[in-house]
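What follows is the content of input37.pdb, which has PDB, C-alpha atoms:
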MODEL        1
ATOM      1  CA  MET A   1     118.728  16.873  61.368
ATOM      2  CA  THR A   2     120.040  14.106  59.083
ATOM      3  CA  GLU A   3     119.263  14.749  55.408
ATOM      4  CA  SER A   4     116.609  12.487  53.897
ATOM      5  CA  THR A   5     118.174  10.507  51.058
ATOM      6  CA  LEU A   6     117.158   7.500  49.042
ATOM      7  CA  GLN A   7     120.178   5.504  50.191
ATOM      8  CA  ARG A   8     119.432   6.255  53.837
ATOM      9  CA  MET A   9     115.781   5.260  53.376
ATOM     10  CA  ILE A  10     116.735   1.952  51.766
ATOM     11  CA  ALA A  11     119.110   1.312  54.685
ATOM     12  CA  ILE A  12     116.275   2.083  57.124
ATOM     13  CA  PHE A  13     114.009  -0.441  55.378
ATOM     14  CA  ASP A  14     116.696  -3.109  55.792
ATOM     15  CA  VAL A  15     115.886  -4.025  59.400
ATOM     16  CA  GLU A  16     118.482  -6.124  61.220
ATOM     17  CA  PRO A  17     117.810  -9.433  63.011
ATOM     18  CA  LEU A  18     117.972  -9.271  66.807
ATOM     19  CA  ASP A  19     117.928 -13.040  67.364
ATOM     20  CA  SER A  20     118.921 -16.228  65.583
ATOM     21  CA  THR A  21     115.297 -17.361  65.151
ATOM     22  CA  LEU A  22     114.515 -14.391  62.848
ATOM     23  CA  THR A  23     111.481 -13.339  64.868
ATOM     24  CA  ARG A  24     112.799 -10.024  66.222
ATOM     25  CA  PHE A  25     114.235  -7.170  64.158
ATOM     26  CA  GLY A  26     115.378  -3.617  64.829
ATOM     27  CA  GLY A  27     115.406  -0.488  62.722
ATOM     28  CA  ASP A  28     115.902   3.267  62.757
ATOM     29  CA  SER A  29     113.615   5.980  61.377
ATOM     30  CA  ASP A  30     113.668   9.103  59.257
ATOM     31  CA  GLY A  31     111.511  11.872  60.688
ATOM     32  CA  GLY A  32     111.767  14.116  57.641
ATOM     33  CA  GLY A  33     111.548  17.204  59.851
ATOM     34  CA  ARG A  34     108.578  15.908  61.856
ATOM     35  CA  GLN A  35     108.589  14.271  65.278
ATOM     36  CA  VAL A  36     106.327  11.523  63.933
ATOM     37  CA  VAL A  37     107.523   8.466  61.995
ATOM     38  CA  ASP A  38     105.963   8.111  58.554
ATOM     39  CA  GLY A  39     103.598   5.142  58.673
ATOM     40  CA  SER A  40     104.595   3.911  55.230
ATOM     41  CA  GLN A  41     108.205   3.645  56.458
ATOM     42  CA  ILE A  42     106.992   1.207  59.135
ATOM     43  CA  LEU A  43     105.013  -0.652  56.455
ATOM     44  CA  GLY A  44     108.179  -1.018  54.373
ATOM     45  CA  GLN A  45     110.196  -2.230  57.350
ATOM     46  CA  SER A  46     107.486  -4.757  58.234
ATOM     47  CA  ILE A  47     107.581  -6.128  54.676
ATOM     48  CA  VAL A  48     111.342  -6.624  54.911
ATOM     49  CA  ALA A  49     111.066  -8.208  58.385
ATOM     50  CA  ALA A  50     108.491 -10.698  57.065
ATOM     51  CA  GLY A  51     110.648 -11.519  54.058
ATOM     52  CA  LYS A  52     113.693 -12.185  56.235
ATOM     53  CA  ALA A  53     111.658 -14.294  58.668
ATOM     54  CA  PHE A  54     110.508 -16.532  55.790
ATOM     55  CA  PRO A  55     113.600 -16.853  53.558
ATOM     56  CA  GLY A  56     112.892 -18.019  50.031
ATOM     57  CA  ARG A  57     109.316 -16.714  50.025
ATOM     58  CA  THR A  58     107.930 -13.560  48.430
ATOM     59  CA  VAL A  59     105.709 -11.005  50.160
ATOM     60  CA  ARG A  60     102.472 -10.815  48.159
ATOM     61  CA  SER A  61     100.414  -8.515  50.384
ATOM     62  CA  ALA A  62     100.664  -6.513  53.591
ATOM     63  CA  HIS A  63      97.961  -4.729  55.577
ATOM     64  CA  THR A  64      99.115  -2.366  58.299
ATOM     65  CA  LEU A  65      97.190  -0.434  60.962
ATOM     66  CA  PHE A  66      98.948   2.483  62.646
ATOM     67  CA  VAL A  67      97.697   2.475  66.207
ATOM     68  CA  ALA A  68     100.056   4.911  67.959
ATOM     69  CA  VAL A  69     102.596   7.561  67.037
ATOM     70  CA  ALA A  70     106.208   6.395  66.757
ATOM     71  CA  ASP A  71     109.053   8.701  67.798
ATOM     72  CA  PRO A  72     111.804   8.976  65.130
ATOM     73  CA  ALA A  73     114.412   9.500  67.869
ATOM     74  CA  LYS A  74     113.761   6.025  69.289
ATOM     75  CA  ARG A  75     114.663   2.720  67.678
ATOM     76  CA  LEU A  76     111.822   0.538  66.406
ATOM     77  CA  GLN A  77     111.560  -3.163  67.108
ATOM     78  CA  PHE A  78     109.568  -5.609  64.974
ATOM     79  CA  THR A  79     108.257  -8.914  66.309
ATOM     80  CA  VAL A  80     107.247 -11.473  63.685
ATOM     81  CA  THR A  81     104.663 -14.030  64.819
ATOM     82  CA  PRO A  82     104.091 -16.796  62.241
ATOM     83  CA  VAL A  83     100.453 -17.796  61.733
ATOM     84  CA  ARG A  84     101.083 -20.671  59.350
ATOM     85  CA  ALA A  85     103.761 -21.762  56.912
ATOM     86  CA  GLY A  86     102.506 -24.299  54.389
ATOM     87  CA  ARG A  87     104.208 -25.715  51.318
ATOM     88  CA  SER A  88     103.279 -22.653  49.251
ATOM     89  CA  PHE A  89     101.689 -19.920  51.335
ATOM     90  CA  ALA A  90     102.794 -18.479  54.655
ATOM     91  CA  SER A  91     101.312 -15.763  56.823
ATOM     92  CA  ALA A  92     102.457 -13.785  59.825
ATOM     93  CA  THR A  93     101.635 -10.824  61.994
ATOM     94  CA  ILE A  94     104.293  -8.200  62.588
ATOM     95  CA  THR A  95     104.126  -5.864  65.569
ATOM     96  CA  ALA A  96     106.165  -2.664  65.459
ATOM     97  CA  HIS A  97     106.859  -1.247  68.895
ATOM     98  CA  GLN A  98     109.046   1.094  70.918
ATOM     99  CA  GLY A  99     109.523  -0.447  74.318
ATOM    100  CA  ASP A 100     106.108  -1.500  75.615
ATOM    101  CA  ARG A 101     104.292   0.842  73.217
ATOM    102  CA  THR A 102     102.769  -0.847  70.142
ATOM    103  CA  CYS A 103     102.915   1.531  67.170
ATOM    104  CA  ALA A 104     101.629  -0.612  64.279
ATOM    105  CA  THR A 105     100.432  -4.099  63.481
ATOM    106  CA  SER A 106     100.705  -5.794  60.089
ATOM    107  CA  THR A 107      99.337  -8.954  58.533
ATOM    108  CA  VAL A 108     101.524 -10.271  55.734
ATOM    109  CA  LEU A 109     100.927 -13.000  53.142
ATOM    110  CA  LEU A 110     103.897 -14.701  51.458
ATOM    111  CA  ASP A 111     104.221 -17.468  48.889
ATOM    112  CA  HIS A 112     106.329 -18.997  46.140
ATOM    113  CA  PRO A 113     105.195 -17.281  42.902
ATOM    114  CA  GLN A 114     104.038 -19.784  40.278
ATOM    115  CA  PRO A 115     104.040 -19.815  36.449
ATOM    116  CA  ASP A 116     101.099 -18.011  34.837
ATOM    117  CA  LEU A 117      97.954 -20.010  34.186
ATOM    118  CA  ILE A 118      96.267 -16.813  32.974
ATOM    119  CA  ARG A 119      97.352 -13.159  33.198
ATOM    120  CA  HIS A 120      96.126  -9.632  32.619
ATOM    121  CA  ASP A 121      98.190  -6.801  34.041
ATOM    122  CA  ARG A 122      97.665  -3.709  31.862
ATOM    123  CA  TRP A 123      96.193  -0.304  32.674
ATOM    124  CA  THR A 124      92.574  -0.093  31.457
ATOM    125  CA  GLY A 125      91.776   3.530  32.340
ATOM    126  CA  PRO A 126      92.175   6.665  30.215
ATOM    127  CA  PRO A 127      95.655   7.324  28.799
ATOM    128  CA  ALA A 128      98.068   9.127  31.089
ATOM    129  CA  ALA A 129      99.787  12.293  29.886
ATOM    130  CA  GLY A 130     103.145  10.928  31.017
ATOM    131  CA  PRO A 131     105.963  12.219  33.200
ATOM    132  CA  GLU A 132     107.305  14.723  30.668
ATOM    133  CA  ALA A 133     103.978  16.608  30.742
ATOM    134  CA  ALA A 134     103.715  16.525  34.561
ATOM    135  CA  HIS A 135     104.737  19.268  37.007
ATOM    136  CA  PRO A 136     107.897  18.817  39.126
ATOM    137  CA  VAL A 137     107.083  18.685  42.847
ATOM    138  CA  ASP A 138     109.271  19.494  45.845
ATOM    139  CA  MET A 139     108.855  16.592  48.270
ATOM    140  CA  PRO A 140     112.429  16.299  49.521
ATOM    141  CA  LEU A 141     114.166  12.943  49.288
ATOM    142  CA  GLN A 142     117.543  13.162  47.603
ATOM    143  CA  GLY A 143     117.669  10.497  44.899
ATOM    144  CA  ARG A 144     113.945  10.625  44.063
ATOM    145  CA  GLU A 145     112.270  12.722  41.376
ATOM    146  CA  LEU A 146     108.530  13.411  41.652
ATOM    147  CA  ARG A 147     106.101  14.912  39.138
ATOM    148  CA  ILE A 148     102.302  15.256  39.295
ATOM    149  CA  GLU A 149      99.999  15.439  36.291
ATOM    150  CA  GLY A 150      97.959  18.646  35.940
ATOM    151  CA  ILE A 151      98.606  19.927  39.483
ATOM    152  CA  LYS A 152     101.225  22.513  40.411
ATOM    153  CA  ASP A 153     100.558  22.674  44.174
ATOM    154  CA  TYR A 154      98.971  19.470  45.455
ATOM    155  CA  GLY A 155      98.667  20.794  49.035
ATOM    156  CA  SER A 156      96.966  24.105  48.272
ATOM    157  CA  PRO A 157      93.391  24.651  49.527
ATOM    158  CA  ASP A 158      92.809  26.505  46.234
ATOM    159  CA  GLU A 159      93.705  23.442  44.134
ATOM    160  CA  VAL A 160      90.266  21.987  43.354
ATOM    161  CA  GLY A 161      89.351  19.204  40.970
ATOM    162  CA  PRO A 162      88.309  15.549  40.827
ATOM    163  CA  PRO A 163      89.647  13.467  43.752
ATOM    164  CA  ILE A 164      92.289  11.876  41.531
ATOM    165  CA  ILE A 165      96.065  12.365  41.521
ATOM    166  CA  ASP A 166      98.560  10.762  39.159
ATOM    167  CA  ALA A 167     102.116  10.982  40.480
ATOM    168  CA  TRP A 168     105.212   9.957  38.534
ATOM    169  CA  LEU A 169     108.330   8.842  40.447
ATOM    170  CA  ARG A 170     111.841   8.044  39.331
ATOM    171  CA  TYR A 171     114.539   6.748  41.678
ATOM    172  CA  ALA A 172     118.264   7.164  41.144
ATOM    173  CA  THR A 173     118.716   3.601  42.460
ATOM    174  CA  VAL A 174     116.286   0.687  42.651
ATOM    175  CA  PRO A 175     117.364  -2.083  45.074
ATOM    176  CA  GLU A 176     118.322  -5.455  43.651
ATOM    177  CA  ASP A 177     116.996  -7.184  46.787
ATOM    178  CA  ASP A 178     113.356  -8.154  46.198
ATOM    179  CA  HIS A 179     112.149  -7.381  49.736
ATOM    180  CA  LEU A 180     113.771  -3.930  49.697
ATOM    181  CA  ARG A 181     112.268  -3.235  46.270
ATOM    182  CA  ARG A 182     108.793  -4.045  47.620
ATOM    183  CA  ALA A 183     109.433  -1.858  50.659
ATOM    184  CA  LEU A 184     110.436   1.053  48.416
ATOM    185  CA  LEU A 185     107.352   0.568  46.252
ATOM    186  CA  ALA A 186     105.110   0.512  49.356
ATOM    187  CA  HIS A 187     106.719   3.616  50.847
ATOM    188  CA  PHE A 188     105.020   6.163  48.573
ATOM    189  CA  THR A 189     101.530   4.669  49.043
ATOM    190  CA  GLY A 190     101.151   6.782  52.193
ATOM    191  CA  HIS A 191     102.168  10.152  50.743
ATOM    192  CA  LEU A 192      99.393  11.625  48.553
ATOM    193  CA  SER A 193      96.140   9.877  49.447
ATOM    194  CA  ILE A 194      94.854  12.532  51.865
ATOM    195  CA  SER A 195      95.776  15.251  49.353
ATOM    196  CA  THR A 196      93.773  13.327  46.737
ATOM    197  CA  THR A 197      90.721  13.320  48.994
ATOM    198  CA  MET A 198      90.977  17.010  49.861
ATOM    199  CA  ARG A 199      91.316  18.056  46.218
ATOM    200  CA  ALA A 200      87.553  17.702  45.665
ATOM    201  CA  HIS A 201      86.744  20.203  48.440
ATOM    202  CA  PRO A 202      87.442  23.957  48.086
ATOM    203  CA  GLY A 203      89.198  25.671  50.966
ATOM    204  CA  ILE A 204      91.009  22.644  52.376
ATOM    205  CA  GLY A 205      94.407  21.209  51.485
ATOM    206  CA  THR A 206      97.277  19.336  53.055
ATOM    207  CA  SER A 207      99.252  22.558  53.519
ATOM    208  CA  GLN A 208      96.889  23.011  56.497
ATOM    209  CA  ALA A 209      97.623  19.549  57.914
ATOM    210  CA  HIS A 210      98.924  19.514  61.514
ATOM    211  CA  HIS A 211      98.268  23.286  61.754
ATOM    212  CA  THR A 212      94.504  23.834  61.434
ATOM    213  CA  VAL A 213      93.437  20.358  60.292
ATOM    214  CA  SER A 214      94.263  17.046  61.988
ATOM    215  CA  THR A 215      95.285  14.323  59.526
ATOM    216  CA  ALA A 216      96.895  10.914  59.820
ATOM    217  CA  VAL A 217      97.296   7.708  57.861
ATOM    218  CA  MET A 218      95.447   5.026  59.844
ATOM    219  CA  GLY A 219      95.845   2.003  57.605
ATOM    220  CA  ILE A 220      97.489   0.921  54.335
ATOM    221  CA  GLY A 221      96.970  -2.280  52.385
ATOM    222  CA  VAL A 222      99.257  -3.141  49.480
ATOM    223  CA  SER A 223      99.202  -6.103  47.106
ATOM    224  CA  PHE A 224     102.213  -6.838  44.927
ATOM    225  CA  HIS A 225     101.735  -8.193  41.414
ATOM    226  CA  ASP A 226     104.823 -10.042  40.243
ATOM    227  CA  PRO A 227     107.238  -9.272  38.823
ATOM    228  CA  VAL A 228     107.898  -6.222  41.019
ATOM    229  CA  ARG A 229     110.542  -4.760  38.724
ATOM    230  CA  TRP A 230     110.669  -1.492  36.822
ATOM    231  CA  ASP A 231     113.033   0.827  35.001
ATOM    232  CA  GLY A 232     112.716   4.596  34.907
ATOM    233  CA  TRP A 233     109.389   6.178  35.784
ATOM    234  CA  ILE A 234     106.556   4.555  37.736
ATOM    235  CA  ARG A 235     103.059   6.008  38.188
ATOM    236  CA  TYR A 236     100.992   6.070  41.388
ATOM    237  CA  HIS A 237      97.345   6.514  40.414
ATOM    238  CA  HIS A 238      95.251   7.675  43.412
ATOM    239  CA  GLU A 239      91.450   7.875  43.491
ATOM    240  CA  SER A 240      89.500   8.896  46.598
ATOM    241  CA  ALA A 241      86.330   6.814  46.736
ATOM    242  CA  TYR A 242      84.901   8.251  49.963
ATOM    243  CA  VAL A 243      85.327  10.859  52.674
ATOM    244  CA  GLY A 244      83.008  11.473  55.606
ATOM    245  CA  ALA A 245      82.618  11.065  59.361
ATOM    246  CA  GLY A 246      86.246  12.095  59.790
ATOM    247  CA  MET A 247      87.735   9.335  57.598
ATOM    248  CA  SER A 248      88.771   9.001  53.966
ATOM    249  CA  HIS A 249      89.285   5.960  51.748
ATOM    250  CA  VAL A 250      91.597   5.975  48.740
ATOM    251  CA  ARG A 251      92.406   3.202  46.299
ATOM    252  CA  GLY A 252      95.369   3.222  43.986
ATOM    253  CA  GLN A 253      97.506   1.408  41.465
ATOM    254  CA  VAL A 254     101.246   1.459  40.786
ATOM    255  CA  LEU A 255     102.192   1.078  37.128
ATOM    256  CA  THR A 256     105.257   1.148  34.934
ATOM    257  CA  GLU A 257     105.512   3.893  32.315
ATOM    258  CA  ASP A 258     104.242   1.494  29.635
ATOM    259  CA  GLY A 259     101.159   0.612  31.723
ATOM    260  CA  ARG A 260     102.053  -2.691  33.414
ATOM    261  CA  LEU A 261     100.455  -3.055  36.850
ATOM    262  CA  VAL A 262     102.991  -3.896  39.578
ATOM    263  CA  ALA A 263     100.994  -3.179  42.774
ATOM    264  CA  SER A 264      97.608  -2.068  44.090
ATOM    265  CA  PHE A 265      96.943  -0.268  47.352
ATOM    266  CA  THR A 266      94.308   1.242  49.617
ATOM    267  CA  GLN A 267      94.644   3.820  52.349
ATOM    268  CA  ASP A 268      92.334   4.800  55.194
ATOM    269  CA  GLY A 269      93.083   8.258  56.539
ATOM    270  CA  MET A 270      91.857  10.541  59.308
ATOM    271  CA  ILE A 271      90.747  14.089  58.355
ATOM    272  CA  ARG A 272      89.315  16.066  61.273
ATOM    273  CA  ALA A 273      89.131  19.584  62.602
ATOM    274  CA  PHE A 274      91.210  20.528  65.609
ATOM    275  CA  ALA A 275      89.193  21.495  68.638
ATOM    276  CA  PRO A 276      89.395  25.298  69.226
ATOM    277  CA  SER A 277      91.435  24.572  72.328
ATOM    278  CA  GLY A 278      92.843  21.424  73.853
ATOM    279  CA  SER A 279      95.846  19.179  74.171
ATOM    280  CA  ALA A 280      96.269  18.671  70.398
ATOM    281  CA  THR A 281      96.938  22.357  69.710
ATOM    282  CA  SER A 282      99.147  22.820  72.741
ATOM    283  CA  ILE A 283     102.025  20.804  71.234
ATOM    284  CA  ALA A 284     104.358  21.814  68.399
ATOM    285  CA  ALA A 285     102.945  21.386  64.884
ATOM    286  CA  GLU A 286     105.733  18.968  63.885
ATOM    287  CA  SER A 287     104.559  16.567  66.603
ATOM    288  CA  ARG A 288     100.822  16.781  65.860
ATOM    289  CA  LEU A 289      98.666  14.500  63.779
TER     290      LEU A 289
ENDMDL
END

Rewrite the coordinates I just gave you, this time as structure tokens.
Amino acid sequence: MTESTLQRMIAIFDVEPLDSTLTRFGGDSDGGGRQVVDGSQILGQSIVAAGKAFPGRTVRSAHTLFVAVADPAKRLQFTVTPVRAGRSFASATITAHQGDRTCATSTVLLDHPQPDLIRHDRWTGPPAAGPEAAHPVDMPLQGRELRIEGIKDYGSPDEVGPPIIDAWLRYATVPEDDHLRRALLAHFTGHLSISTTMRAHPGIGTSQAHHTVSTAVMGIGVSFHDPVRWDGWIRYHHESAYVGAGMSHVRGQVLTEDGRLVASFTQDGMIRAFAPSGSATSIAAESRL
């Protein structure tokens, strides 16, 4: 298995054009030890595909639904279908597929950022303890450092508290390319939302995911607040607003260490019990949802 590294992930985000009209792109995947492609990787690739299809414009928001499992051993293709390109705003749908199988669909909004008429972009919640007071976490990606405030084992069913997680990230390299930087920022929005939801419920945690509990990211929406630039640590603030009927909803914010808001996101996730017997439990855990 190829080692997961920051440089490899950035290269994966950088999908390559497959035609001269910039409507078809191709890209590889990083399975990270699972036989399922991480949905937020596909989100990042879709952001880059949209940016390349509309040169000179900036991706301001992307909303992605993950409709089928993608196989990391197979190459992904991305088809960009413009909806409208006006003087300022443009929009498009991006379909990620493997052969005839559609894996995800995205709706992306782009524009030319304008000078401020008014602005507020600062964190208004309670003060954060900061990365130095947070616990180091092993979520392997060489070139990325991760710490979580007040939680030593975010996946443990014994870790119980409010459905809130503050995660601090620091990357060894941040891309200069704006589209790749937005893809990297979007990538982590899919990683801790289900853990945030489970934290409020004793006896259940993401260490059980794909073994005794069926979980999957079903949709992510991310809005970028210019300028999408940062140095050092950035904070992903997750808050689970709802869980029930087999689905969870989490909202979050991405902030610089000094409290400037650079992005907001939402995630809809599936959290369900495996049937005692059936097709889901007959396949290897690394291939299950």

So that I can check the surroundings of Gln267 (chain A), please list as a compact mmCIF listing (two decimals) with C-alpha atoms, in the frame of the given file every protein, DNA and RNA residue that reaches within 6 Å of it, counting all atoms listed in the file and ignoring chain neighbours fewer than 4 positions away.
# COMPACT_ATOMS: atom_id res chain seq x y z
CA GLY A 219 95.84 2.00 57.60
CA ILE A 220 97.49 0.92 54.34
CA HIS A 249 89.28 5.96 51.75
CA VAL A 250 91.60 5.98 48.74

* Which polymer residues, protein or nucleic acid, are no farther than 12 Å from (106.5, -12.2, 51.0), counting only C-alpha atoms, as a ChimeraX atom specification? -> /A:44,46-62,85,88-92,107-113,178-183,222-226,228

* Structure fact -> Between A:Leu141, A:Ala128, A:Thr196, A:Asp153, smallest distance to Ala172 (chain A) by only C-alpha atoms belongs to A:Leu141

* State, in Å with one decimal place, the distance from CA of Thr189 (chain A) to CA of Arg260 (chain A). =>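 CA of Arg260 (chain A) lies at a distance of 17.3 Å from CA of Thr189 (chain A).
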
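CA of Ala263 (chain A) sits 24.3 Å away from CA of Val67 (chain A).
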
* Find the distance between CA of Thr93 (chain A) and CA of Glu16 (chain A) and write it in Å to one decimal. => 17.5 Å

* Asked: Of the residues A:Gly232, A:Pro157, A:Gly252, A:Gly86, which is the one nearest to Tyr171 (chain A), using all atoms listed in the file?
  -> A:Gly232

* Asked: Using all atoms listed in the file, can you list as an MDAnalysis selection string the residues within 9 Å of (102.5, 6.7, 62.1)?
  -> chainID A and resid 36:42 65:71 103:104 216:218 289

Report as JSON lines the residues of region 196-223 of chain A within 12 Å of region 238-241 of chain A, each with its shortest atom pair and distance in Å (one decimal), using all atoms listed in the file, ordered by chain and increasing residue number.
{"residue": "A:Thr196", "atom": "CA", "partner": "A:Ser240", "partner_atom": "CA", "distance": 6.2}
{"residue": "A:Thr197", "atom": "CA", "partner": "A:Ser240", "partner_atom": "CA", "distance": 5.2}
{"residue": "A:Met198", "atom": "CA", "partner": "A:Ser240", "partner_atom": "CA", "distance": 8.9}
{"residue": "A:Arg199", "atom": "CA", "partner": "A:Ser240", "partner_atom": "CA", "distance": 9.3}
{"residue": "A:Ala200", "atom": "CA", "partner": "A:Ser240", "partner_atom": "CA", "distance": 9.1}
{"residue": "A:His201", "atom": "CA", "partner": "A:Ser240", "partner_atom": "CA", "distance": 11.8}

* Asked: When distances are computed from only C-alpha atoms, which of A:Ser207, A:Thr64, A:Thr102, A:Ala133 shows the smallest separation from Thr266 (chain A)?
  ->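 Among the listed residues, the smallest separation from Thr266 (chain A) belongs to A:Thr64.
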
Just so the selection is clear, what residues does the PyMOL selection byres ((chain A and resi 78) around 8) cover here, as a PDB file with C-alpha atoms, keeping the file's coordinate frame?
ATOM      1  CA  THR A  23     111.481 -13.339  64.868  1.00  0.00           C
ATOM      2  CA  ARG A  24     112.799 -10.024  66.222  1.00  0.00           C
ATOM      3  CA  PHE A  25     114.235  -7.170  64.158  1.00  0.00           C
ATOM      4  CA  GLY A  26     115.378  -3.617  64.829  1.00  0.00           C
ATOM      5  CA  SER A  46     107.486  -4.757  58.234  1.00  0.00           C
ATOM      6  CA  ALA A  49     111.066  -8.208  58.385  1.00  0.00           C
ATOM      7  CA  LEU A  76     111.822   0.538  66.406  1.00  0.00           C
ATOM      8  CA  GLN A  77     111.560  -3.163  67.108  1.00  0.00           C
ATOM      9  CA  THR A  79     108.257  -8.914  66.309  1.00  0.00           C
ATOM     10  CA  VAL A  80     107.247 -11.473  63.685  1.00  0.00           C
ATOM     11  CA  ILE A  94     104.293  -8.200  62.588  1.00  0.00           C
ATOM     12  CA  THR A  95     104.126  -5.864  65.569  1.00  0.00           C
ATOM     13  CA  ALA A  96     106.165  -2.664  65.459  1.00  0.00           C
ATOM     14  CA  HIS A  97     106.859  -1.247  68.895  1.00  0.00           C
TER      15      HIS A  97
END

Could the centre and edge lengths of an axis-aligned box, enclosing all atoms of region 209-223 of chain A in the file with 6 Å extra on each side, be given in Å to one decimal as lines of an AutoDock Vina configuration file?
center_x = 96.3
center_y = 8.9
center_z = 54.5
size_x = 17.8
size_y = 41.9
size_z = 26.9

* To do: Would you kindly translate the PyMOL selection byres ((chain A and resi 254) around 7) into the concrete residues it picks from this file, as a list in words?
  => Ile234, Arg235, Tyr236, His237, Gly252, Gln253, Leu255, Leu261, Val262, Ala263 and Ser264 of chain A

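Counting all atoms listed in the file, Pro72 (chain A) has the following residues at most 8 Å away, ignoring those fewer than 6 positions along the same chain: Asp28, Ser29, Asp30, Gly31, Gln35, Val36 and Val37 of chain A.
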